[in-house]
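J.: Mind looking over this structure? Questions follow.
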Amino acid sequence: MKTSNFKTYKGDKGVAICIYPPIDWMDARYPALEPDRQTFFAKKADQITEEHYEQQYRERVLSKLDPQKIYDTLKGQVLLCWENPGEFCHRRIVAKWIEENLGIEVPEWQPGDDDPNDIQKPLF
């Protein structure tokens with residue numbers, strides 16, 4: 001399991017875990033990891049801090065899930081949302097939650113992490 005965003009990751013193991021994936025997204029989704037709408041919109045409107053968002057996301061979403069089941073279901077997949085690497089986002093909260101509960105590191109996907117035969121070649 002790794003994490004990334006829609007702009008960076010173009011492989012075939014992506015799983016959308018956000019409320020609004022790209023309009024043309026036809027690949028896997030995992031709605032159980034989507035943030036609840038109240039928390040999502042409060043953060044987008046700058047009504048809550050990142051710390052408050054994480055607290056609410058953990059309470060309203062992650063506390064209802066079994067981290068082992070999530071890991072077993074999504075092992076080998078790349079969890080996707082919109083934010084760029086290094087920016088605050090819920091996919092990294094999920095990664096931290098897996099690490100805290102299972103002791104399994106969930107890194108951010110990097111080019112070259114996939115099978116060399118699966119890496120997309122630049123168009124130019």
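Every chain in the structure tokens takes a letter, A first, then B, and so on in the order presented; its residues are numbered from 1, and the ligands are numbered from 1 following the presented order.
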Which residues are near Glu83 (chain A)? Cut-off 7 Å, only C-alpha atoms, ignore same chain within fewer than 4 positions. Put them as a PyMOL selection string.
T.: chain A and resi 5+87+89
J.: As a list in words, which residues of chain A does DSSP assign to strand (DSSP E or B)?
T.: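 Checking each residue of chain A, the strand (DSSP E or B) ones are Lys2, Thr3, Ser4, Asn5, Gly14, Val15, Ala16, Ala28, Arg29, Val78, Leu79, Leu80, Cys81 and Glu108 of chain A.
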J.: Restricting the output to N, CA, C and O atoms, write the selected residues as a short mmCIF file (atom, residue, chain, number, x, y, z; two decimals), in the first residue's frame.
T.:
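Saved as result11.cif:
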```
data_model
loop_
_atom_site.label_atom_id
_atom_site.label_comp_id
_atom_site.auth_asym_id
_atom_site.auth_seq_id
_atom_site.Cartn_x
_atom_site.Cartn_y
_atom_site.Cartn_z
N LYS A 2 0.51 2.16 -0.86
CA LYS A 2 1.18 3.46 -0.93
C LYS A 2 0.11 4.53 -1.11
O LYS A 2 -1.06 4.21 -1.28
N THR A 3 0.54 5.78 -1.10
CA THR A 3 -0.40 6.88 -1.33
C THR A 3 0.16 7.79 -2.41
O THR A 3 1.37 7.84 -2.63
N SER A 4 -0.73 8.50 -3.09
CA SER A 4 -0.32 9.47 -4.10
C SER A 4 -1.51 10.36 -4.43
O SER A 4 -2.54 10.31 -3.74
N ASN A 5 -1.38 11.12 -5.51
CA ASN A 5 -2.49 11.94 -5.97
C ASN A 5 -2.79 11.63 -7.44
O ASN A 5 -2.02 10.94 -8.10
N GLY A 14 -4.37 2.40 -8.74
CA GLY A 14 -4.94 3.52 -8.00
C GLY A 14 -6.34 3.23 -7.49
O GLY A 14 -7.16 2.62 -8.17
N VAL A 15 -6.59 3.69 -6.26
CA VAL A 15 -7.90 3.58 -5.63
C VAL A 15 -8.26 4.96 -5.09
O VAL A 15 -7.55 5.49 -4.23
N ALA A 16 -9.34 5.54 -5.59
CA ALA A 16 -9.79 6.85 -5.13
C ALA A 16 -10.40 6.71 -3.73
O ALA A 16 -11.27 5.87 -3.51
N ALA A 28 -11.00 1.97 -9.45
CA ALA A 28 -11.53 1.61 -8.14
C ALA A 28 -11.73 2.82 -7.23
O ALA A 28 -11.01 3.81 -7.32
N ARG A 29 -12.73 2.68 -6.38
CA ARG A 29 -13.00 3.66 -5.32
C ARG A 29 -13.16 2.88 -4.03
O ARG A 29 -13.58 1.73 -4.03
N VAL A 78 -2.57 1.85 -4.52
CA VAL A 78 -2.10 3.22 -4.26
C VAL A 78 -3.33 4.06 -3.96
O VAL A 78 -4.20 4.23 -4.83
N LEU A 79 -3.43 4.55 -2.72
CA LEU A 79 -4.58 5.36 -2.29
C LEU A 79 -4.43 6.77 -2.84
O LEU A 79 -3.40 7.42 -2.63
N LEU A 80 -5.47 7.25 -3.51
CA LEU A 80 -5.38 8.53 -4.22
C LEU A 80 -6.38 9.56 -3.73
O LEU A 80 -7.54 9.25 -3.46
N CYS A 81 -5.91 10.80 -3.64
CA CYS A 81 -6.77 11.97 -3.46
C CYS A 81 -6.13 13.09 -4.28
O CYS A 81 -5.31 12.83 -5.15
N GLU A 108 4.62 7.42 0.48
CA GLU A 108 4.10 8.11 -0.69
C GLU A 108 4.74 7.46 -1.92
O GLU A 108 5.95 7.21 -1.95
#
```
J.: Which residues, written as a VMD selection string, have at least one atom at most 12 Å from region 49-57 of chain A, with only C-alpha atoms counted and residues fewer than 3 positions away on the same chain left out?
T.: chain A and resid 32 to 46 60 to 65 87 to 94 96 to 97
J.: Quick one: DSSP alpha helix (DSSP H) residues in region 4-116 of chain A, as a PDB file with N, CA, C and O atoms, in the first residue's frame?
T.:
```pdb
ATOM      1  N   ARG A  37     -18.587  14.643   4.692  1.00  0.00           N
ATOM      2  CA  ARG A  37     -18.804  15.906   3.982  1.00  0.00           C
ATOM      3  C   ARG A  37     -18.702  17.132   4.893  1.00  0.00           C
ATOM      4  O   ARG A  37     -18.164  18.162   4.472  1.00  0.00           O
ATOM      5  N   GLN A  38     -19.192  17.045   6.107  1.00  0.00           N
ATOM      6  CA  GLN A  38     -19.149  18.190   7.022  1.00  0.00           C
ATOM      7  C   GLN A  38     -17.697  18.603   7.285  1.00  0.00           C
ATOM      8  O   GLN A  38     -17.354  19.780   7.190  1.00  0.00           O
ATOM      9  N   THR A  39     -16.859  17.641   7.591  1.00  0.00           N
ATOM     10  CA  THR A  39     -15.449  17.934   7.862  1.00  0.00           C
ATOM     11  C   THR A  39     -14.753  18.426   6.599  1.00  0.00           C
ATOM     12  O   THR A  39     -14.007  19.405   6.629  1.00  0.00           O
ATOM     13  N   PHE A  40     -15.013  17.768   5.483  1.00  0.00           N
ATOM     14  CA  PHE A  40     -14.403  18.143   4.212  1.00  0.00           C
ATOM     15  C   PHE A  40     -14.707  19.602   3.867  1.00  0.00           C
ATOM     16  O   PHE A  40     -13.798  20.384   3.568  1.00  0.00           O
ATOM     17  N   PHE A  41     -15.976  19.976   3.907  1.00  0.00           N
ATOM     18  CA  PHE A  41     -16.348  21.339   3.522  1.00  0.00           C
ATOM     19  C   PHE A  41     -15.914  22.375   4.550  1.00  0.00           C
ATOM     20  O   PHE A  41     -15.581  23.508   4.185  1.00  0.00           O
ATOM     21  N   ALA A  42     -15.864  22.002   5.823  1.00  0.00           N
ATOM     22  CA  ALA A  42     -15.375  22.927   6.850  1.00  0.00           C
ATOM     23  C   ALA A  42     -13.900  23.250   6.611  1.00  0.00           C
ATOM     24  O   ALA A  42     -13.478  24.405   6.731  1.00  0.00           O
ATOM     25  N   LYS A  43     -13.118  22.263   6.226  1.00  0.00           N
ATOM     26  CA  LYS A  43     -11.695  22.494   5.954  1.00  0.00           C
ATOM     27  C   LYS A  43     -11.528  23.313   4.679  1.00  0.00           C
ATOM     28  O   LYS A  43     -10.707  24.234   4.626  1.00  0.00           O
ATOM     29  N   LYS A  44     -12.296  23.005   3.643  1.00  0.00           N
ATOM     30  CA  LYS A  44     -12.198  23.757   2.391  1.00  0.00           C
ATOM     31  C   LYS A  44     -12.531  25.235   2.597  1.00  0.00           C
ATOM     32  O   LYS A  44     -11.997  26.098   1.909  1.00  0.00           O
ATOM     33  N   GLU A  50      -6.014  22.138  10.384  1.00  0.00           N
ATOM     34  CA  GLU A  50      -5.583  20.805   9.968  1.00  0.00           C
ATOM     35  C   GLU A  50      -5.688  19.827  11.139  1.00  0.00           C
ATOM     36  O   GLU A  50      -6.103  18.682  10.963  1.00  0.00           O
ATOM     37  N   GLU A  51      -5.319  20.283  12.335  1.00  0.00           N
ATOM     38  CA  GLU A  51      -5.391  19.425  13.517  1.00  0.00           C
ATOM     39  C   GLU A  51      -6.830  19.020  13.815  1.00  0.00           C
ATOM     40  O   GLU A  51      -7.103  17.865  14.143  1.00  0.00           O
ATOM     41  N   HIS A  52      -7.744  19.976  13.701  1.00  0.00           N
ATOM     42  CA  HIS A  52      -9.157  19.686  13.943  1.00  0.00           C
ATOM     43  C   HIS A  52      -9.700  18.746  12.869  1.00  0.00           C
ATOM     44  O   HIS A  52     -10.485  17.836  13.158  1.00  0.00           O
ATOM     45  N   TYR A  53      -9.300  18.959  11.624  1.00  0.00           N
ATOM     46  CA  TYR A  53      -9.703  18.070  10.532  1.00  0.00           C
ATOM     47  C   TYR A  53      -9.260  16.644  10.836  1.00  0.00           C
ATOM     48  O   TYR A  53     -10.045  15.699  10.730  1.00  0.00           O
ATOM     49  N   GLU A  54      -7.984  16.483  11.210  1.00  0.00           N
ATOM     50  CA  GLU A  54      -7.478  15.138  11.488  1.00  0.00           C
ATOM     51  C   GLU A  54      -8.248  14.495  12.637  1.00  0.00           C
ATOM     52  O   GLU A  54      -8.610  13.316  12.558  1.00  0.00           O
ATOM     53  N   GLN A  55      -8.502  15.259  13.672  1.00  0.00           N
ATOM     54  CA  GLN A  55      -9.267  14.733  14.808  1.00  0.00           C
ATOM     55  C   GLN A  55     -10.663  14.271  14.363  1.00  0.00           C
ATOM     56  O   GLN A  55     -11.096  13.167  14.697  1.00  0.00           O
ATOM     57  N   GLN A  56     -11.351  15.097  13.598  1.00  0.00           N
ATOM     58  CA  GLN A  56     -12.691  14.734  13.135  1.00  0.00           C
ATOM     59  C   GLN A  56     -12.652  13.558  12.167  1.00  0.00           C
ATOM     60  O   GLN A  56     -13.505  12.666  12.240  1.00  0.00           O
ATOM     61  N   TYR A  57     -11.683  13.526  11.270  1.00  0.00           N
ATOM     62  CA  TYR A  57     -11.568  12.423  10.316  1.00  0.00           C
ATOM     63  C   TYR A  57     -11.325  11.105  11.060  1.00  0.00           C
ATOM     64  O   TYR A  57     -11.943  10.090  10.759  1.00  0.00           O
ATOM     65  N   ARG A  58     -10.470  11.148  12.042  1.00  0.00           N
ATOM     66  CA  ARG A  58     -10.207   9.937  12.822  1.00  0.00           C
ATOM     67  C   ARG A  58     -11.462   9.499  13.582  1.00  0.00           C
ATOM     68  O   ARG A  58     -11.772   8.303  13.617  1.00  0.00           O
ATOM     69  N   GLU A  59     -12.154  10.439  14.195  1.00  0.00           N
ATOM     70  CA  GLU A  59     -13.359  10.108  14.976  1.00  0.00           C
ATOM     71  C   GLU A  59     -14.522   9.659  14.092  1.00  0.00           C
ATOM     72  O   GLU A  59     -15.198   8.689  14.408  1.00  0.00           O
ATOM     73  N   ARG A  60     -14.761  10.374  13.011  1.00  0.00           N
ATOM     74  CA  ARG A  60     -15.959  10.134  12.200  1.00  0.00           C
ATOM     75  C   ARG A  60     -15.786   9.041  11.149  1.00  0.00           C
ATOM     76  O   ARG A  60     -16.772   8.473  10.686  1.00  0.00           O
ATOM     77  N   PRO A  67      -8.305  -1.383  10.905  1.00  0.00           N
ATOM     78  CA  PRO A  67      -7.108  -1.120  10.099  1.00  0.00           C
ATOM     79  C   PRO A  67      -6.546  -2.370   9.410  1.00  0.00           C
ATOM     80  O   PRO A  67      -6.052  -2.278   8.289  1.00  0.00           O
ATOM     81  N   GLN A  68      -6.641  -3.535  10.055  1.00  0.00           N
ATOM     82  CA  GLN A  68      -6.138  -4.752   9.428  1.00  0.00           C
ATOM     83  C   GLN A  68      -6.966  -5.110   8.198  1.00  0.00           C
ATOM     84  O   GLN A  68      -6.427  -5.480   7.164  1.00  0.00           O
ATOM     85  N   LYS A  69      -8.274  -4.958   8.303  1.00  0.00           N
ATOM     86  CA  LYS A  69      -9.143  -5.255   7.162  1.00  0.00           C
ATOM     87  C   LYS A  69      -8.880  -4.278   6.014  1.00  0.00           C
ATOM     88  O   LYS A  69      -8.818  -4.686   4.848  1.00  0.00           O
ATOM     89  N   ILE A  70      -8.707  -3.006   6.346  1.00  0.00           N
ATOM     90  CA  ILE A  70      -8.406  -2.002   5.318  1.00  0.00           C
ATOM     91  C   ILE A  70      -7.095  -2.351   4.627  1.00  0.00           C
ATOM     92  O   ILE A  70      -7.008  -2.370   3.392  1.00  0.00           O
ATOM     93  N   TYR A  71      -6.076  -2.659   5.416  1.00  0.00           N
ATOM     94  CA  TYR A  71      -4.773  -2.991   4.830  1.00  0.00           C
ATOM     95  C   TYR A  71      -4.864  -4.241   3.965  1.00  0.00           C
ATOM     96  O   TYR A  71      -4.345  -4.264   2.844  1.00  0.00           O
ATOM     97  N   ASP A  72      -5.513  -5.277   4.479  1.00  0.00           N
ATOM     98  CA  ASP A  72      -5.627  -6.521   3.711  1.00  0.00           C
ATOM     99  C   ASP A  72      -6.382  -6.311   2.403  1.00  0.00           C
ATOM    100  O   ASP A  72      -6.025  -6.881   1.373  1.00  0.00           O
ATOM    101  N   THR A  73      -7.406  -5.478   2.435  1.00  0.00           N
ATOM    102  CA  THR A  73      -8.214  -5.211   1.242  1.00  0.00           C
ATOM    103  C   THR A  73      -7.444  -4.384   0.214  1.00  0.00           C
ATOM    104  O   THR A  73      -7.553  -4.620  -0.992  1.00  0.00           O
ATOM    105  N   LEU A  74      -6.651  -3.424   0.685  1.00  0.00           N
ATOM    106  CA  LEU A  74      -5.996  -2.470  -0.215  1.00  0.00           C
ATOM    107  C   LEU A  74      -4.489  -2.693  -0.372  1.00  0.00           C
ATOM    108  O   LEU A  74      -3.810  -1.881  -0.992  1.00  0.00           O
ATOM    109  N   HIS A  90      -5.884  13.813   3.675  1.00  0.00           N
ATOM    110  CA  HIS A  90      -6.386  12.683   4.454  1.00  0.00           C
ATOM    111  C   HIS A  90      -5.731  11.361   4.068  1.00  0.00           C
ATOM    112  O   HIS A  90      -5.709  10.437   4.869  1.00  0.00           O
ATOM    113  N   ARG A  91      -5.162  11.255   2.874  1.00  0.00           N
ATOM    114  CA  ARG A  91      -4.502   9.987   2.520  1.00  0.00           C
ATOM    115  C   ARG A  91      -3.307   9.736   3.426  1.00  0.00           C
ATOM    116  O   ARG A  91      -3.005   8.602   3.771  1.00  0.00           O
ATOM    117  N   ARG A  92      -2.621  10.809   3.832  1.00  0.00           N
ATOM    118  CA  ARG A  92      -1.486  10.649   4.736  1.00  0.00           C
ATOM    119  C   ARG A  92      -1.958  10.378   6.166  1.00  0.00           C
ATOM    120  O   ARG A  92      -1.251   9.740   6.944  1.00  0.00           O
ATOM    121  N   ILE A  93      -3.157  10.829   6.515  1.00  0.00           N
ATOM    122  CA  ILE A  93      -3.739  10.466   7.817  1.00  0.00           C
ATOM    123  C   ILE A  93      -4.020   8.969   7.820  1.00  0.00           C
ATOM    124  O   ILE A  93      -3.746   8.279   8.811  1.00  0.00           O
ATOM    125  N   VAL A  94      -4.549   8.454   6.724  1.00  0.00           N
ATOM    126  CA  VAL A  94      -4.788   7.010   6.604  1.00  0.00           C
ATOM    127  C   VAL A  94      -3.460   6.268   6.735  1.00  0.00           C
ATOM    128  O   VAL A  94      -3.367   5.274   7.464  1.00  0.00           O
ATOM    129  N   ALA A  95      -2.422   6.735   6.056  1.00  0.00           N
ATOM    130  CA  ALA A  95      -1.110   6.089   6.123  1.00  0.00           C
ATOM    131  C   ALA A  95      -0.593   6.061   7.559  1.00  0.00           C
ATOM    132  O   ALA A  95      -0.112   5.025   8.038  1.00  0.00           O
ATOM    133  N   LYS A  96      -0.723   7.187   8.242  1.00  0.00           N
ATOM    134  CA  LYS A  96      -0.265   7.264   9.637  1.00  0.00           C
ATOM    135  C   LYS A  96      -1.078   6.323  10.528  1.00  0.00           C
ATOM    136  O   LYS A  96      -0.528   5.648  11.403  1.00  0.00           O
ATOM    137  N   TRP A  97      -2.367   6.244  10.300  1.00  0.00           N
ATOM    138  CA  TRP A  97      -3.263   5.365  11.060  1.00  0.00           C
ATOM    139  C   TRP A  97      -2.871   3.900  10.873  1.00  0.00           C
ATOM    140  O   TRP A  97      -2.823   3.138  11.842  1.00  0.00           O
ATOM    141  N   ILE A  98      -2.580   3.491   9.643  1.00  0.00           N
ATOM    142  CA  ILE A  98      -2.125   2.120   9.374  1.00  0.00           C
ATOM    143  C   ILE A  98      -0.807   1.862  10.111  1.00  0.00           C
ATOM    144  O   ILE A  98      -0.625   0.824  10.756  1.00  0.00           O
ATOM    145  N   GLU A  99       0.120   2.805  10.012  1.00  0.00           N
ATOM    146  CA  GLU A  99       1.417   2.655  10.665  1.00  0.00           C
ATOM    147  C   GLU A  99       1.264   2.547  12.181  1.00  0.00           C
ATOM    148  O   GLU A  99       1.900   1.698  12.819  1.00  0.00           O
ATOM    149  N   GLU A 100       0.427   3.403  12.767  1.00  0.00           N
ATOM    150  CA  GLU A 100       0.206   3.387  14.221  1.00  0.00           C
ATOM    151  C   GLU A 100      -0.415   2.077  14.689  1.00  0.00           C
ATOM    152  O   GLU A 100      -0.055   1.558  15.743  1.00  0.00           O
ATOM    153  N   ASN A 101      -1.359   1.576  13.936  1.00  0.00           N
ATOM    154  CA  ASN A 101      -2.110   0.396  14.357  1.00  0.00           C
ATOM    155  C   ASN A 101      -1.470  -0.928  13.969  1.00  0.00           C
ATOM    156  O   ASN A 101      -1.648  -1.924  14.677  1.00  0.00           O
ATOM    157  N   LEU A 102      -0.768  -0.970  12.857  1.00  0.00           N
ATOM    158  CA  LEU A 102      -0.228  -2.229  12.361  1.00  0.00           C
ATOM    159  C   LEU A 102       1.293  -2.271  12.307  1.00  0.00           C
ATOM    160  O   LEU A 102       1.872  -3.331  12.066  1.00  0.00           O
TER     161      LEU A 102
END
```
J.: Calculated over only C-alpha atoms, which of the candidates A:Gly112, A:Met1, A:Val106, A:Trp82 has the smallest distance to Pro21 (chain A)?
T.: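 Closest to Pro21 (chain A) of all the choices is A:Trp82.
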J.: Using only C-alpha atoms, which of the listed residues (A:Asn84, A:Gln110, A:Gln77, A:Gln47) sits closest to Phe6 (chain A)?
T.: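 Smallest distance to Phe6 (chain A) is found for A:Asn84.
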J.: Using Å and a single decimal, report how far CA of Lys13 (chain A) sits from CA of Gly76 (chain A).
T.: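 Separating CA of Gly76 (chain A) from CA of Lys13 (chain A) is a distance of 7.4 Å.
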J.: Could you jot down the CA of Trp109 (chain A) to CA of Pro85 (chain A) separation for me, Å, one decimal place?
T.: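 A separation of 9.1 Å between them.
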